[in-house]
$ cat my_file_19.pdb   # PDB, N, CA and C atoms
ATOM      1  N   MET A 803      32.629  60.425 -45.560
ATOM      2  CA  MET A 803      32.858  59.986 -46.914
ATOM      3  C   MET A 803      34.330  59.617 -47.056
ATOM      4  N   GLN A 804      34.590  58.522 -47.731
ATOM      5  CA  GLN A 804      35.947  58.042 -47.927
ATOM      6  C   GLN A 804      36.287  58.073 -49.408
ATOM      7  N   TYR A 805      37.482  58.598 -49.720
ATOM      8  CA  TYR A 805      37.923  58.682 -51.106
ATOM      9  C   TYR A 805      38.276  57.299 -51.625
ATOM     10  N   GLU A 806      37.829  56.998 -52.812
ATOM     11  CA  GLU A 806      38.218  55.781 -53.505
ATOM     12  C   GLU A 806      38.708  56.177 -54.885
ATOM     13  N   ALA A 807      39.901  55.715 -55.234
ATOM     14  CA  ALA A 807      40.440  56.012 -56.554
ATOM     15  C   ALA A 807      39.557  55.352 -57.614
ATOM     16  N   PRO A 808      39.308  56.057 -58.709
ATOM     17  CA  PRO A 808      38.521  55.448 -59.790
ATOM     18  C   PRO A 808      39.227  54.221 -60.354
ATOM     19  N   ARG A 809      38.444  53.251 -60.729
ATOM     20  CA  ARG A 809      39.034  52.042 -61.327
ATOM     21  C   ARG A 809      39.539  52.372 -62.720
ATOM     22  N   ARG A 810      40.548  51.634 -63.157
ATOM     23  CA  ARG A 810      41.055  51.803 -64.519
ATOM     24  C   ARG A 810      39.941  51.457 -65.495
ATOM     25  N   ILE A 811      39.901  52.210 -66.594
ATOM     26  CA  ILE A 811      38.829  52.026 -67.571
ATOM     27  C   ILE A 811      39.403  52.227 -68.970
ATOM     28  N   THR A 812      38.861  51.512 -69.923
ATOM     29  CA  THR A 812      39.238  51.702 -71.323
ATOM     30  C   THR A 812      38.223  52.631 -71.978
ATOM     31  N   ALA A 813      38.560  53.121 -73.149
ATOM     32  CA  ALA A 813      37.622  53.963 -73.892
ATOM     33  C   ALA A 813      36.344  53.183 -74.203
ATOM     34  N   GLU A 814      36.479  51.918 -74.533
ATOM     35  CA  GLU A 814      35.305  51.101 -74.842
ATOM     36  C   GLU A 814      34.398  50.968 -73.618
ATOM     37  N   GLU A 815      34.986  50.708 -72.463
ATOM     38  CA  GLU A 815      34.188  50.591 -71.237
ATOM     39  C   GLU A 815      33.531  51.922 -70.878
ATOM     40  N   ALA A 816      34.267  53.005 -71.040
ATOM     41  CA  ALA A 816      33.702  54.325 -70.755
ATOM     42  C   ALA A 816      32.538  54.609 -71.697
ATOM     43  N   GLY A 817      32.717  54.330 -72.978
ATOM     44  CA  GLY A 817      31.653  54.543 -73.946
ATOM     45  C   GLY A 817      30.393  53.764 -73.593
ATOM     46  N   GLN A 818      30.576  52.550 -73.116
ATOM     47  CA  GLN A 818      29.421  51.747 -72.694
ATOM     48  C   GLN A 818      28.736  52.386 -71.487
ATOM     49  N   ALA A 819      29.531  52.877 -70.545
ATOM     50  CA  ALA A 819      28.954  53.534 -69.367
ATOM     51  C   ALA A 819      28.193  54.796 -69.770
ATOM     52  N   PHE A 820      28.733  55.545 -70.727
ATOM     53  CA  PHE A 820      28.082  56.771 -71.171
ATOM     54  C   PHE A 820      26.726  56.478 -71.810
ATOM     55  N   GLN A 821      26.595  55.325 -72.412
ATOM     56  CA  GLN A 821      25.351  54.958 -73.090
ATOM     57  C   GLN A 821      24.269  54.470 -72.132
ATOM     58  N   THR A 822      24.627  54.170 -70.882
ATOM     59  CA  THR A 822      23.638  53.623 -69.945
ATOM     60  C   THR A 822      22.574  54.638 -69.545
ATOM     61  N   GLY A 823      22.943  55.914 -69.558
ATOM     62  CA  GLY A 823      22.019  56.935 -69.087
ATOM     63  C   GLY A 823      21.962  57.026 -67.572
ATOM     64  N   GLN A 824      22.743  56.213 -66.886
ATOM     65  CA  GLN A 824      22.757  56.203 -65.422
ATOM     66  C   GLN A 824      23.756  57.245 -64.909
ATOM     67  N   PRO A 825      23.279  58.272 -64.205
ATOM     68  CA  PRO A 825      24.164  59.366 -63.780
ATOM     69  C   PRO A 825      25.397  58.908 -63.013
ATOM     70  N   TYR A 826      25.242  57.969 -62.084
ATOM     71  CA  TYR A 826      26.401  57.520 -61.308
ATOM     72  C   TYR A 826      27.440  56.864 -62.212
ATOM     73  N   GLU A 827      26.990  55.986 -63.095
ATOM     74  CA  GLU A 827      27.919  55.304 -64.010
ATOM     75  C   GLU A 827      28.595  56.296 -64.948
ATOM     76  N   ILE A 828      27.846  57.250 -65.465
ATOM     77  CA  ILE A 828      28.406  58.270 -66.353
ATOM     78  C   ILE A 828      29.467  59.077 -65.612
ATOM     79  N   SER A 829      29.134  59.508 -64.403
ATOM     80  CA  SER A 829      30.062  60.325 -63.614
ATOM     81  C   SER A 829      31.355  59.576 -63.321
ATOM     82  N   GLU A 830      31.225  58.341 -62.874
ATOM     83  CA  GLU A 830      32.407  57.530 -62.581
ATOM     84  C   GLU A 830      33.247  57.323 -63.834
ATOM     85  N   ALA A 831      32.602  57.059 -64.949
ATOM     86  CA  ALA A 831      33.319  56.807 -66.196
ATOM     87  C   ALA A 831      34.017  58.068 -66.713
ATOM     88  N   LEU A 832      33.398  59.233 -66.548
ATOM     89  CA  LEU A 832      34.032  60.479 -66.982
ATOM     90  C   LEU A 832      35.346  60.719 -66.249
ATOM     91  N   VAL A 833      35.308  60.578 -64.950
ATOM     92  CA  VAL A 833      36.512  60.813 -64.148
ATOM     93  C   VAL A 833      37.564  59.752 -64.461
ATOM     94  N   ALA A 834      37.155  58.492 -64.532
ATOM     95  CA  ALA A 834      38.101  57.418 -64.831
ATOM     96  C   ALA A 834      38.695  57.576 -66.227
ATOM     97  N   ALA A 835      37.877  57.962 -67.186
ATOM     98  CA  ALA A 835      38.382  58.158 -68.553
ATOM     99  C   ALA A 835      39.413  59.282 -68.584
ATOM    100  N   ALA A 836      39.156  60.353 -67.850
ATOM    101  CA  ALA A 836      40.120  61.459 -67.812
ATOM    102  C   ALA A 836      41.456  60.995 -67.249
ATOM    103  N   LEU A 837      41.409  60.073 -66.312
ATOM    104  CA  LEU A 837      42.634  59.582 -65.685
ATOM    105  C   LEU A 837      43.344  58.509 -66.498
ATOM    106  N   TYR A 838      42.595  57.667 -67.204
ATOM    107  CA  TYR A 838      43.187  56.457 -67.770
ATOM    108  C   TYR A 838      43.095  56.298 -69.282
ATOM    109  N   VAL A 839      42.219  57.021 -69.944
ATOM    110  CA  VAL A 839      42.114  56.892 -71.404
ATOM    111  C   VAL A 839      43.094  57.881 -72.030
ATOM    112  N   PRO A 840      44.030  57.398 -72.835
ATOM    113  CA  PRO A 840      45.068  58.290 -73.355
ATOM    114  C   PRO A 840      44.593  59.288 -74.416
ATOM    115  N   ASP A 841      43.440  59.063 -75.009
ATOM    116  CA  ASP A 841      42.947  59.946 -76.071
ATOM    117  C   ASP A 841      42.234  61.153 -75.457
ATOM    118  N   ARG A 842      43.001  62.206 -75.192
ATOM    119  CA  ARG A 842      42.473  63.404 -74.546
ATOM    120  C   ARG A 842      41.298  63.995 -75.311
ATOM    121  N   ILE A 843      41.403  64.057 -76.606
ATOM    122  CA  ILE A 843      40.352  64.681 -77.415
ATOM    123  C   ILE A 843      39.049  63.896 -77.294
ATOM    124  N   TRP A 844      39.136  62.586 -77.311
ATOM    125  CA  TRP A 844      37.938  61.743 -77.161
ATOM    126  C   TRP A 844      37.278  62.008 -75.814
ATOM    127  N   VAL A 845      38.082  62.055 -74.756
ATOM    128  CA  VAL A 845      37.539  62.309 -73.422
ATOM    129  C   VAL A 845      36.904  63.701 -73.371
ATOM    130  N   GLU A 846      37.579  64.691 -73.951
ATOM    131  CA  GLU A 846      37.043  66.053 -73.962
ATOM    132  C   GLU A 846      35.693  66.141 -74.657
ATOM    133  N   GLN A 847      35.530  65.407 -75.740
ATOM    134  CA  GLN A 847      34.244  65.439 -76.447
ATOM    135  C   GLN A 847      33.118  64.981 -75.522
ATOM    136  N   TRP A 848      33.369  63.957 -74.737
ATOM    137  CA  TRP A 848      32.366  63.482 -73.788
ATOM    138  C   TRP A 848      32.186  64.473 -72.642
ATOM    139  N   LEU A 849      33.275  65.043 -72.187
ATOM    140  CA  LEU A 849      33.219  66.046 -71.124
ATOM    141  C   LEU A 849      32.320  67.207 -71.544
ATOM    142  N   VAL A 850      32.536  67.709 -72.744
ATOM    143  CA  VAL A 850      31.719  68.817 -73.264
ATOM    144  C   VAL A 850      30.254  68.382 -73.357
ATOM    145  N   HIS A 851      30.025  67.190 -73.855
ATOM    146  CA  HIS A 851      28.663  66.670 -73.976
ATOM    147  C   HIS A 851      27.967  66.627 -72.618
ATOM    148  N   PHE A 852      28.629  66.067 -71.615
ATOM    149  CA  PHE A 852      28.002  65.873 -70.320
ATOM    150  C   PHE A 852      28.039  67.111 -69.431
ATOM    151  N   ALA A 853      28.775  68.144 -69.807
ATOM    152  CA  ALA A 853      28.767  69.393 -69.039
ATOM    153  C   ALA A 853      27.386  70.040 -69.083
ATOM    154  N   GLY A 854      26.566  69.650 -70.043
ATOM    155  CA  GLY A 854      25.209  70.172 -70.146
ATOM    156  C   GLY A 854      24.142  69.208 -69.648
ATOM    157  N   HIS A 855      24.537  68.160 -68.972
ATOM    158  CA  HIS A 855      23.606  67.142 -68.482
ATOM    159  C   HIS A 855      22.662  67.731 -67.422
ATOM    160  N   PRO A 856      21.420  67.259 -67.363
ATOM    161  CA  PRO A 856      20.482  67.812 -66.383
ATOM    162  C   PRO A 856      20.810  67.465 -64.921
ATOM    163  N   ILE A 857      21.606  66.444 -64.689
ATOM    164  CA  ILE A 857      21.938  66.025 -63.321
ATOM    165  C   ILE A 857      23.227  66.719 -62.865
ATOM    166  N   PRO A 858      23.184  67.457 -61.749
ATOM    167  CA  PRO A 858      24.374  68.188 -61.291
ATOM    168  C   PRO A 858      25.613  67.312 -61.071
ATOM    169  N   ASP A 859      25.438  66.094 -60.568
ATOM    170  CA  ASP A 859      26.602  65.236 -60.328
ATOM    171  C   ASP A 859      27.342  64.900 -61.619
ATOM    172  N   VAL A 860      26.621  64.781 -62.706
ATOM    173  CA  VAL A 860      27.261  64.501 -63.995
ATOM    174  C   VAL A 860      28.015  65.746 -64.467
ATOM    175  N   ARG A 861      27.415  66.907 -64.306
ATOM    176  CA  ARG A 861      28.104  68.152 -64.670
ATOM    177  C   ARG A 861      29.352  68.338 -63.807
ATOM    178  N   ARG A 862      29.240  68.007 -62.527
ATOM    179  CA  ARG A 862      30.389  68.103 -61.619
ATOM    180  C   ARG A 862      31.506  67.170 -62.083
ATOM    181  N   ALA A 863      31.164  65.960 -62.485
ATOM    182  CA  ALA A 863      32.168  65.009 -62.975
ATOM    183  C   ALA A 863      32.855  65.546 -64.226
ATOM    184  N   SER A 864      32.123  66.264 -65.056
ATOM    185  CA  SER A 864      32.732  66.880 -66.240
ATOM    186  C   SER A 864      33.792  67.894 -65.828
ATOM    187  N   ALA A 865      33.489  68.687 -64.806
ATOM    188  CA  ALA A 865      34.464  69.670 -64.325
ATOM    189  C   ALA A 865      35.692  68.970 -63.737
ATOM    190  N   ILE A 866      35.465  67.961 -62.936
ATOM    191  CA  ILE A 866      36.581  67.212 -62.348
ATOM    192  C   ILE A 866      37.439  66.602 -63.449
ATOM    193  N   ALA A 867      36.787  66.061 -64.468
ATOM    194  CA  ALA A 867      37.521  65.454 -65.588
ATOM    195  C   ALA A 867      38.399  66.490 -66.286
ATOM    196  N   LEU A 868      37.895  67.705 -66.461
ATOM    197  CA  LEU A 868      38.701  68.750 -67.096
ATOM    198  C   LEU A 868      39.957  69.023 -66.278
ATOM    199  N   GLY A 869      39.815  69.117 -64.978
ATOM    200  CA  GLY A 869      40.986  69.342 -64.130
ATOM    201  C   GLY A 869      42.020  68.238 -64.284
ATOM    202  N   HIS A 870      41.558  66.993 -64.313
ATOM    203  CA  HIS A 870      42.488  65.869 -64.497
ATOM    204  C   HIS A 870      43.170  65.924 -65.863
ATOM    205  N   LEU A 871      42.405  66.229 -66.894
ATOM    206  CA  LEU A 871      42.994  66.318 -68.238
ATOM    207  C   LEU A 871      44.069  67.401 -68.298
ATOM    208  N   ALA A 872      43.788  68.551 -67.706
ATOM    209  CA  ALA A 872      44.764  69.643 -67.708
ATOM    210  C   ALA A 872      46.044  69.216 -66.991
ATOM    211  N   ARG A 873      45.882  68.569 -65.865
ATOM    212  CA  ARG A 873      47.042  68.141 -65.074
ATOM    213  C   ARG A 873      47.849  67.070 -65.793
ATOM    214  N   LEU A 874      47.182  66.114 -66.387
ATOM    215  CA  LEU A 874      47.876  64.978 -67.000
ATOM    216  C   LEU A 874      48.410  65.257 -68.401
ATOM    217  N   HIS A 875      47.656  66.012 -69.198
ATOM    218  CA  HIS A 875      48.027  66.216 -70.602
ATOM    219  C   HIS A 875      48.661  67.575 -70.863
ATOM    220  N   LYS A 876      48.571  68.460 -69.910
ATOM    221  CA  LYS A 876      49.148  69.810 -70.026
ATOM    222  C   LYS A 876      48.510  70.631 -71.136
ATOM    223  N   GLU A 877      47.360  70.194 -71.600
ATOM    224  CA  GLU A 877      46.587  70.973 -72.572
ATOM    225  C   GLU A 877      45.147  70.487 -72.576
ATOM    226  N   VAL A 878      44.273  71.416 -72.903
ATOM    227  CA  VAL A 878      42.853  71.122 -73.084
ATOM    228  C   VAL A 878      42.328  72.069 -74.148
ATOM    229  N   SER A 879      41.230  71.691 -74.753
ATOM    230  CA  SER A 879      40.687  72.503 -75.844
ATOM    231  C   SER A 879      39.915  73.710 -75.320
ATOM    232  N   PRO A 880      39.846  74.746 -76.124
ATOM    233  CA  PRO A 880      39.010  75.894 -75.755
ATOM    234  C   PRO A 880      37.541  75.499 -75.556
ATOM    235  N   GLN A 881      37.053  74.512 -76.304
ATOM    236  CA  GLN A 881      35.660  74.070 -76.167
ATOM    237  C   GLN A 881      35.420  73.456 -74.790
ATOM    238  N   ALA A 882      36.387  72.676 -74.314
ATOM    239  CA  ALA A 882      36.247  72.064 -72.992
ATOM    240  C   ALA A 882      36.282  73.136 -71.905
ATOM    241  N   ILE A 883      37.177  74.097 -72.055
ATOM    242  CA  ILE A 883      37.258  75.199 -71.089
ATOM    243  C   ILE A 883      35.943  75.972 -71.073
ATOM    244  N   SER A 884      35.412  76.267 -72.236
ATOM    245  CA  SER A 884      34.158  77.004 -72.341
ATOM    246  C   SER A 884      33.010  76.240 -71.681
ATOM    247  N   ALA A 885      32.955  74.935 -71.908
ATOM    248  CA  ALA A 885      31.885  74.117 -71.319
ATOM    249  C   ALA A 885      31.918  74.201 -69.798
ATOM    250  N   ILE A 886      33.110  74.203 -69.227
ATOM    251  CA  ILE A 886      33.221  74.272 -67.770
ATOM    252  C   ILE A 886      33.015  75.700 -67.274
ATOM    253  N   ARG A 887      33.470  76.684 -68.037
ATOM    254  CA  ARG A 887      33.201  78.083 -67.640
ATOM    255  C   ARG A 887      31.703  78.341 -67.525
ATOM    256  N   ASN A 888      30.929  77.698 -68.371
ATOM    257  CA  ASN A 888      29.469  77.854 -68.309
ATOM    258  C   ASN A 888      28.902  77.378 -66.977
ATOM    259  N   LEU A 889      29.621  76.489 -66.292
ATOM    260  CA  LEU A 889      29.146  75.967 -65.005
ATOM    261  C   LEU A 889      29.364  76.959 -63.867
ATOM    262  N   LEU A 890      30.120  78.024 -64.113
ATOM    263  CA  LEU A 890      30.347  79.031 -63.074
ATOM    264  C   LEU A 890      29.053  79.730 -62.670
ATOM    265  N   ASP A 891      28.064  79.704 -63.554
ATOM    266  CA  ASP A 891      26.767  80.319 -63.263
ATOM    267  C   ASP A 891      25.847  79.382 -62.479
ATOM    268  N   ASP A 892      26.291  78.150 -62.267
ATOM    269  CA  ASP A 892      25.514  77.139 -61.566
ATOM    270  C   ASP A 892      25.966  77.128 -60.101
ATOM    271  N   GLY A 893      25.152  77.673 -59.213
ATOM    272  CA  GLY A 893      25.522  77.796 -57.807
ATOM    273  C   GLY A 893      25.986  76.498 -57.174
ATOM    274  N   GLU A 894      25.395  75.391 -57.577
ATOM    275  CA  GLU A 894      25.768  74.090 -57.037
ATOM    276  C   GLU A 894      27.153  73.648 -57.479
ATOM    277  N   LEU A 895      27.609  74.159 -58.618
ATOM    278  CA  LEU A 895      28.837  73.645 -59.219
ATOM    279  C   LEU A 895      29.964  74.662 -59.281
ATOM    280  N   ILE A 896      29.762  75.831 -58.727
ATOM    281  CA  ILE A 896      30.777  76.874 -58.860
ATOM    282  C   ILE A 896      32.120  76.421 -58.291
ATOM    283  N   GLY A 897      32.121  75.678 -57.188
ATOM    284  CA  GLY A 897      33.369  75.206 -56.595
ATOM    285  C   GLY A 897      34.114  74.254 -57.510
ATOM    286  N   ALA A 898      33.416  73.273 -58.054
ATOM    287  CA  ALA A 898      34.046  72.304 -58.947
ATOM    288  C   ALA A 898      34.531  72.967 -60.224
ATOM    289  N   ALA A 899      33.727  73.879 -60.761
ATOM    290  CA  ALA A 899      34.122  74.574 -61.991
ATOM    291  C   ALA A 899      35.329  75.462 -61.739
ATOM    292  N   THR A 900      35.342  76.170 -60.612
ATOM    293  CA  THR A 900      36.465  77.032 -60.277
ATOM    294  C   THR A 900      37.739  76.209 -60.102
ATOM    295  N   ASP A 901      37.640  75.091 -59.394
ATOM    296  CA  ASP A 901      38.809  74.222 -59.204
ATOM    297  C   ASP A 901      39.346  73.729 -60.541
ATOM    298  N   ALA A 902      38.456  73.311 -61.418
ATOM    299  CA  ALA A 902      38.879  72.802 -62.730
ATOM    300  C   ALA A 902      39.570  73.894 -63.541
ATOM    301  N   LEU A 903      39.008  75.086 -63.527
ATOM    302  CA  LEU A 903      39.599  76.177 -64.296
ATOM    303  C   LEU A 903      40.931  76.629 -63.692
ATOM    304  N   GLU A 904      41.072  76.509 -62.381
ATOM    305  CA  GLU A 904      42.369  76.784 -61.758
ATOM    306  C   GLU A 904      43.402  75.753 -62.206
ATOM    307  N   ASP A 905      42.994  74.487 -62.313
ATOM    308  CA  ASP A 905      43.909  73.455 -62.824
ATOM    309  C   ASP A 905      44.345  73.779 -64.249
ATOM    310  N   VAL A 906      43.409  74.254 -65.062
ATOM    311  CA  VAL A 906      43.759  74.649 -66.428
ATOM    312  C   VAL A 906      44.806  75.759 -66.379
ATOM    313  N   GLU A 907      44.571  76.739 -65.541
ATOM    314  CA  GLU A 907      45.509  77.873 -65.439
ATOM    315  C   GLU A 907      46.874  77.423 -64.953
ATOM    316  N   ILE A 908      46.909  76.522 -64.003
ATOM    317  CA  ILE A 908      48.173  76.062 -63.406
ATOM    318  C   ILE A 908      48.945  75.148 -64.367
ATOM    319  N   PHE A 909      48.251  74.220 -65.005
ATOM    320  CA  PHE A 909      48.924  73.149 -65.728
ATOM    321  C   PHE A 909      49.021  73.330 -67.237
ATOM    322  N   THR A 910      48.333  74.322 -67.796
ATOM    323  CA  THR A 910      48.365  74.496 -69.257
ATOM    324  C   THR A 910      48.714  75.935 -69.608
ATOM    325  N   LYS A 911      48.906  76.131 -70.887
ATOM    326  CA  LYS A 911      49.138  77.496 -71.384
ATOM    327  C   LYS A 911      47.849  78.123 -71.872
ATOM    328  N   LEU A 912      46.777  77.318 -71.982
ATOM    329  CA  LEU A 912      45.458  77.844 -72.372
ATOM    330  C   LEU A 912      44.729  78.311 -71.132
ATOM    331  N   ASN A 913      44.083  79.430 -71.219
ATOM    332  CA  ASN A 913      43.205  79.841 -70.125
ATOM    333  C   ASN A 913      42.320  80.966 -70.568
TER     334      ASN A 913
END
$ encode --input "my_file_19.pdb" --output "structure tokens"
Amino acid sequence: MQYEAPRRITAEEAGQAFQTGQPYEISEALVAAALYVPDRIWVEQWLVHFAGHPIPDVRRASAIALGHLARLHKEVSPQAISAIRNLLDDGELIGAATDALEDVEIFTKLN
């Protein structure tokens, strides 16, 4: 597997991707939005929404997005942290959730 940086995305493009219902598009848009959309709160609302998605890859993207938000914005909401903490009980996602919560601990004052 080769790493590819997410493409730059606007909030409008991310919103369109979120509406497709396609797990791959949603996942890509979540990570890209966390990196490139300046409205942290808007991104967090989607992160919280998709942290409960039935597809594990979408939930994983929510955790990755939280880590990026913590690193870039130096703050995240308690609701976003809680949404990702809930993924700690998901055996498939414990690694991604743990990494994201470590980023919160390292880069923010909330934890």
$ residues_around --input "my_file_19.pdb" --residues "segment 886-889 of chain A" --least-positions-apart "6" --cutoff "7 Å" --atoms "only N, CA and C atoms" --output "PDB file with N, CA and C atoms, in the coordinates of the input"
ATOM      1  N   VAL A 850      32.536  67.709 -72.744  1.00  0.00           N
ATOM      2  CA  VAL A 850      31.719  68.817 -73.264  1.00  0.00           C
ATOM      3  C   VAL A 850      30.254  68.382 -73.357  1.00  0.00           C
ATOM      4  N   ALA A 853      28.775  68.144 -69.807  1.00  0.00           N
ATOM      5  CA  ALA A 853      28.767  69.393 -69.039  1.00  0.00           C
ATOM      6  C   ALA A 853      27.386  70.040 -69.083  1.00  0.00           C
ATOM      7  N   SER A 864      32.123  66.264 -65.056  1.00  0.00           N
ATOM      8  CA  SER A 864      32.732  66.880 -66.240  1.00  0.00           C
ATOM      9  C   SER A 864      33.792  67.894 -65.828  1.00  0.00           C
ATOM     10  N   ALA A 865      33.489  68.687 -64.806  1.00  0.00           N
ATOM     11  CA  ALA A 865      34.464  69.670 -64.325  1.00  0.00           C
ATOM     12  C   ALA A 865      35.692  68.970 -63.737  1.00  0.00           C
ATOM     13  N   LEU A 895      27.609  74.159 -58.618  1.00  0.00           N
ATOM     14  CA  LEU A 895      28.837  73.645 -59.219  1.00  0.00           C
ATOM     15  C   LEU A 895      29.964  74.662 -59.281  1.00  0.00           C
ATOM     16  N   ILE A 896      29.762  75.831 -58.727  1.00  0.00           N
ATOM     17  CA  ILE A 896      30.777  76.874 -58.860  1.00  0.00           C
ATOM     18  C   ILE A 896      32.120  76.421 -58.291  1.00  0.00           C
ATOM     19  N   ALA A 899      33.727  73.879 -60.761  1.00  0.00           N
ATOM     20  CA  ALA A 899      34.122  74.574 -61.991  1.00  0.00           C
ATOM     21  C   ALA A 899      35.329  75.462 -61.739  1.00  0.00           C
ATOM     22  N   THR A 900      35.342  76.170 -60.612  1.00  0.00           N
ATOM     23  CA  THR A 900      36.465  77.032 -60.277  1.00  0.00           C
ATOM     24  C   THR A 900      37.739  76.209 -60.102  1.00  0.00           C
TER      25      THR A 900
END
$ resolve_selection --input "my_file_19.pdb" --expression "the PyMOL selection byres ((chain A and resi 813) around 7)" --output "PDB file with N, CA and C atoms, in the frame of the given file"
ATOM      1  N   ILE A 811      39.901  52.210 -66.594  1.00  0.00           N
ATOM      2  CA  ILE A 811      38.829  52.026 -67.571  1.00  0.00           C
ATOM      3  C   ILE A 811      39.403  52.227 -68.970  1.00  0.00           C
ATOM      4  N   THR A 812      38.861  51.512 -69.923  1.00  0.00           N
ATOM      5  CA  THR A 812      39.238  51.702 -71.323  1.00  0.00           C
ATOM      6  C   THR A 812      38.223  52.631 -71.978  1.00  0.00           C
ATOM      7  N   GLU A 814      36.479  51.918 -74.533  1.00  0.00           N
ATOM      8  CA  GLU A 814      35.305  51.101 -74.842  1.00  0.00           C
ATOM      9  C   GLU A 814      34.398  50.968 -73.618  1.00  0.00           C
ATOM     10  N   GLU A 815      34.986  50.708 -72.463  1.00  0.00           N
ATOM     11  CA  GLU A 815      34.188  50.591 -71.237  1.00  0.00           C
ATOM     12  C   GLU A 815      33.531  51.922 -70.878  1.00  0.00           C
ATOM     13  N   ALA A 816      34.267  53.005 -71.040  1.00  0.00           N
ATOM     14  CA  ALA A 816      33.702  54.325 -70.755  1.00  0.00           C
ATOM     15  C   ALA A 816      32.538  54.609 -71.697  1.00  0.00           C
ATOM     16  N   GLY A 817      32.717  54.330 -72.978  1.00  0.00           N
ATOM     17  CA  GLY A 817      31.653  54.543 -73.946  1.00  0.00           C
ATOM     18  C   GLY A 817      30.393  53.764 -73.593  1.00  0.00           C
ATOM     19  N   GLN A 818      30.576  52.550 -73.116  1.00  0.00           N
ATOM     20  CA  GLN A 818      29.421  51.747 -72.694  1.00  0.00           C
ATOM     21  C   GLN A 818      28.736  52.386 -71.487  1.00  0.00           C
ATOM     22  N   ALA A 835      37.877  57.962 -67.186  1.00  0.00           N
ATOM     23  CA  ALA A 835      38.382  58.158 -68.553  1.00  0.00           C
ATOM     24  C   ALA A 835      39.413  59.282 -68.584  1.00  0.00           C
ATOM     25  N   TYR A 838      42.595  57.667 -67.204  1.00  0.00           N
ATOM     26  CA  TYR A 838      43.187  56.457 -67.770  1.00  0.00           C
ATOM     27  C   TYR A 838      43.095  56.298 -69.282  1.00  0.00           C
ATOM     28  N   VAL A 839      42.219  57.021 -69.944  1.00  0.00           N
ATOM     29  CA  VAL A 839      42.114  56.892 -71.404  1.00  0.00           C
ATOM     30  C   VAL A 839      43.094  57.881 -72.030  1.00  0.00           C
ATOM     31  N   PRO A 840      44.030  57.398 -72.835  1.00  0.00           N
ATOM     32  CA  PRO A 840      45.068  58.290 -73.355  1.00  0.00           C
ATOM     33  C   PRO A 840      44.593  59.288 -74.416  1.00  0.00           C
TER      34      PRO A 840
END
$ axis_aligned_box --input "my_file_19.pdb" --around "segment 812-819 of chain A" --padding-each-side "6 Å" --output "JSON"
{"center_x": 33.7, "center_y": 52.7, "center_z": -72.1, "size_x": 23.0, "size_y": 16.2, "size_z": 17.5}
$ residues_around --input "my_file_19.pdb" --residues "Ala867 of chain A" --least-positions-apart "6" --cutoff "12 Å" --atoms "only C-alpha atoms" --output "MDAnalysis selection string"
chainID A and resid 808 828:839 842 845:850 852:853 860:861 873:875 878 882:883 885:886 898:899 901:903 905:906
$ atom_distance --input "my_file_19.pdb" --atom1 "atom N of Ala807 of chain A" --atom2 "atom N of Lys911 of chain A"
27.3 Å
$ closest_residue --input "my_file_19.pdb" --among "A:Phe909, A:His851, A:Arg862, A:Pro825" --to "Glu877 of chain A" --atoms "all atoms listed in the file"
A:Phe909
$ atom_distance --input "my_file_19.pdb" --atom1 "atom C of Pro856 of chain A" --atom2 "atom CA of Gly897 of chain A"
16.9 Å
$ atom_distance --input "my_file_19.pdb" --atom1 "atom C of Gln824 of chain A" --atom2 "atom C of Asp859 of chain A"
9.1 Å
